[in-house]
Every structure is written in C-alpha cells, then in structure tokens.
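Visitor: I am sharing run29.pdb, which consists of PDB, C-alpha atoms:
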ATOM      1  CA  MET A   1       0.000   0.000   0.000
ATOM      2  CA  ASN A   2       2.772   2.437   0.919
ATOM      3  CA  ARG A   3       4.481   1.767  -2.405
ATOM      4  CA  ARG A   4       1.307   2.719  -4.283
ATOM      5  CA  LYS A   5       1.009   5.903  -2.256
ATOM      6  CA  ASN A   6       4.590   6.856  -3.097
ATOM      7  CA  ARG A   7       3.990   6.260  -6.819
ATOM      8  CA  TYR A   8       0.810   8.325  -6.648
ATOM      9  CA  GLU A   9       2.610  11.170  -4.845
ATOM     10  CA  GLU A  10       5.373  11.138  -7.464
ATOM     11  CA  PHE A  11       2.812  11.181 -10.275
ATOM     12  CA  LYS A  12       0.851  14.000  -8.618
ATOM     13  CA  LYS A  13       3.984  16.074  -8.039
ATOM     14  CA  LYS A  14       4.984  15.711 -11.671
ATOM     15  CA  ALA A  15       1.470  16.369 -12.994
ATOM     16  CA  LEU A  16       0.993  19.489 -10.859
ATOM     17  CA  LYS A  17       3.981  21.117 -12.538
ATOM     18  CA  ASN A  18       1.683  21.605 -15.534
ATOM     19  CA  PRO A  19      -0.130  24.932 -14.907
ATOM     20  CA  ARG A  20      -3.398  23.731 -16.489
ATOM     21  CA  VAL A  21      -3.422  20.549 -14.413
ATOM     22  CA  ARG A  22      -2.599  22.530 -11.272
ATOM     23  CA  ALA A  23      -5.421  25.033 -11.907
ATOM     24  CA  SER A  24      -7.911  22.223 -12.425
ATOM     25  CA  PHE A  25      -6.682  20.428  -9.300
ATOM     26  CA  GLU A  26      -6.976  23.565  -7.164
ATOM     27  CA  GLU A  27     -10.455  24.284  -8.531
ATOM     28  CA  GLY A  28     -11.536  20.826  -7.437
ATOM     29  CA  LEU A  29     -10.066  21.420  -3.991
ATOM     30  CA  ASP A  30     -12.041  24.649  -3.626
ATOM     31  CA  GLU A  31     -15.279  22.843  -4.442
ATOM     32  CA  LEU A  32     -14.449  20.044  -2.030
ATOM     33  CA  ARG A  33     -13.641  22.491   0.787
ATOM     34  CA  VAL A  34     -17.145  23.980   0.528
ATOM     35  CA  ALA A  35     -18.731  20.527   0.535
ATOM     36  CA  VAL A  36     -16.687  19.301   3.506
ATOM     37  CA  ALA A  37     -17.421  22.454   5.512
ATOM     38  CA  ALA A  38     -21.165  22.019   4.956
ATOM     39  CA  ALA A  39     -21.051  18.306   5.811
ATOM     40  CA  GLU A  40     -19.091  18.970   9.007
ATOM     41  CA  LEU A  41     -21.535  21.665  10.068
ATOM     42  CA  ARG A  42     -24.509  19.397   9.310
ATOM     43  CA  GLN A  43     -22.978  16.645  11.439
ATOM     44  CA  LYS A  44     -22.151  19.078  14.252
ATOM     45  CA  MET A  45     -25.824  20.113  14.252
ATOM     46  CA  GLN A  46     -26.715  16.400  14.423
ATOM     47  CA  LEU A  47     -28.751  16.570  11.226
ATOM     48  CA  SER A  48     -28.985  13.643   8.846
ATOM     49  CA  GLN A  49     -28.766  14.308   5.132
ATOM     50  CA  THR A  50     -32.484  13.501   4.947
ATOM     51  CA  LYS A  51     -33.390  16.032   7.652
ATOM     52  CA  LEU A  52     -31.240  18.705   6.016
ATOM     53  CA  ALA A  53     -32.812  17.927   2.648
ATOM     54  CA  LYS A  54     -36.293  18.494   4.131
ATOM     55  CA  LYS A  55     -35.210  21.838   5.582
ATOM     56  CA  VAL A  56     -33.730  22.825   2.211
ATOM     57  CA  GLY A  57     -36.693  21.562   0.202
ATOM     58  CA  THR A  58     -34.750  19.017  -1.817
ATOM     59  CA  THR A  59     -33.867  15.331  -1.687
ATOM     60  CA  GLN A  60     -31.271  13.430   0.312
ATOM     61  CA  ALA A  61     -29.600  12.511  -2.997
ATOM     62  CA  VAL A  62     -28.950  16.186  -3.773
ATOM     63  CA  ILE A  63     -27.384  16.725  -0.336
ATOM     64  CA  SER A  64     -25.257  13.610  -0.766
ATOM     65  CA  ARG A  65     -24.102  14.684  -4.226
ATOM     66  CA  PHE A  66     -23.189  18.128  -2.892
ATOM     67  CA  GLU A  67     -21.302  16.730   0.119
ATOM     68  CA  ASN A  68     -19.336  14.457  -2.214
ATOM     69  CA  GLY A  69     -18.173  17.383  -4.344
ATOM     70  CA  GLY A  70     -20.809  17.097  -7.061
ATOM     71  CA  ASN A  71     -22.400  19.998  -8.858
ATOM     72  CA  VAL A  72     -25.453  21.655  -7.393
ATOM     73  CA  GLU A  73     -27.207  24.881  -8.311
ATOM     74  CA  LEU A  74     -26.056  28.086  -6.675
ATOM     75  CA  ARG A  75     -29.519  28.686  -5.205
ATOM     76  CA  THR A  76     -29.290  25.251  -3.565
ATOM     77  CA  LEU A  77     -26.027  26.281  -1.896
ATOM     78  CA  PHE A  78     -27.714  29.380  -0.496
ATOM     79  CA  ARG A  79     -30.661  27.323   0.766
ATOM     80  CA  VAL A  80     -28.289  24.818   2.423
ATOM     81  CA  ALA A  81     -26.463  27.688   4.123
ATOM     82  CA  ARG A  82     -29.738  29.123   5.419
ATOM     83  CA  ALA A  83     -30.899  25.712   6.637
ATOM     84  CA  LEU A  84     -27.619  25.390   8.553
ATOM     85  CA  GLY A  85     -28.112  28.814  10.147
ATOM     86  CA  THR A  86     -25.301  30.413   8.178
ATOM     87  CA  ILE A  87     -24.791  32.685   5.200
ATOM     88  CA  LEU A  88     -22.791  31.757   2.143
ATOM     89  CA  ARG A  89     -20.208  34.316   1.108
ATOM     90  CA  PHE A  90     -18.164  34.356  -2.071
ATOM     91  CA  GLU A  91     -15.254  36.512  -3.056
ATOM     92  CA  PHE A  92     -13.207  36.974  -6.170
ATOM     93  CA  VAL A  93      -9.501  36.598  -5.451
ATOM     94  CA  PRO A  94      -6.815  37.167  -8.089
ATOM     95  CA  HIS A  95      -5.018  33.956  -9.006
ATOM     96  CA  LYS A  96      -1.683  35.167  -7.620
ATOM     97  CA  GLU A  97      -3.218  35.901  -4.208
ATOM     98  CA  ARG A  98      -5.103  32.615  -4.264
ATOM     99  CA  HIS A  99      -1.882  30.711  -4.880
ATOM    100  CA  LYS A 100      -0.168  32.544  -2.004
ATOM    101  CA  ALA A 101      -3.071  31.797   0.346
ATOM    102  CA  SER A 102      -3.171  28.104  -0.509
ATOM    103  CA  SER A 103       0.618  27.851  -0.189
ATOM    104  CA  SER A 104       0.592  29.418   3.265
ATOM    105  CA  LYS A 105      -2.188  27.068   4.390
ATOM    106  CA  ARG A 106      -0.016  24.056   3.465
ATOM    107  CA  ALA A 107       2.921  25.285   5.520
TER
END
Spell out the structure here as structure tokens.
Guide:
Amino acid sequence: MNRRKNRYEEFKKKALKNPRVRASFEEGLDELRVAVAAAELRQKMQLSQTKLAKKVGTTQAVISRFENGGNVELRTLFRVARALGTILRFEFVPHKERHKASSSKRA
C-alpha cells in the first residue's frame, strides 16, 4: 500500500507542474472544501442528510451529491447555508493571491 502511495505522490507532483493541471486540481479542492465544511456543520448540528434535505426543500440525494463534491445549483447552496443557520459568502480573489493563500495554508 505504501508503495502505491509513493507512486501516486510522485505522479501528482509531476502532474501538478503543468499549470493547467494545477489550476484544475486547485479548482476541485475549492469545491471540495465547501462541501466538507457544509457536511461537518450538518454533522455538528446532528442533522442527517435527509433532515437537512427536508429543511432545504430538496432530496437526500442532492445533499449527498453536494457533500461528495458534485455539482449543485447556486440557489441550492444558499438554501443549504440558510438551513444550517449560516450565510454563504463568495469573493473573487486574483489567481496570484489565491496561490499565495493556498501555499501558506499548506505550511
């Protein structure tokens, strides 16, 4: 298992040197961070996906897809935030600043 992990890490390191691959990878991480934050908050509030779905006015499958990094509509994200007692805030950050921020988080 460890050998596979090492080969994967080597492959990832090499692949991320390509700027297009790196941008795509980081975009996926951003989406996953939102999903994980929502799932953690839902669990902290002791809500099942089904109960959250009822509060949002959607199905458990939509909540599951969202929490697993799948695409959902923007209005659904806002409804999930409201159902969790939060607000959803977005900001536009220049790529150079974004790269600095993600680099400092890894340190």
Visitor: Translate the PyMOL selection byres ((chain A and resi 44-59) around 10), as applied to the file shown, into an explicit residue set as a VMD selection string.
Guide: chain A and resid 38 to 43 60 to 64 67 76 to 85
Visitor: If I take atom CA of A:Glu31 and atom CA of A:Glu10, how far is one from the other in Å, to one decimal?
Guide: 23.9 Å
Visitor: Adding 6 Å on each side of the box along x, y and z that holds all listed atoms of stretch 45-50 of chain A, could you give its centre and edge lengths in Å to one decimal, as lines of an AutoDock Vina configuration file?
Guide:
center_x = -29.2
center_y = 16.8
center_z = 9.7
size_x = 18.7
size_y = 18.6
size_z = 21.5
Visitor: From the options A:Asn6, A:Asn68, A:Pro94, A:Arg89, which residue's atoms come nearest to A:Arg33, counting all atoms listed in the file?
Guide: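 The answer is A:Asn68, which sits nearest to A:Arg33.
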Visitor: Please compute the atom CA of A:Glu91-atom CA of A:Val21 distance, one decimal, in Å.
Guide: 22.9 Å
Visitor: Would you work out the distance separating atom CA of A:Arg7 from atom CA of A:Val36, expressed in Å to one decimal?
Guide: 26.5 Å
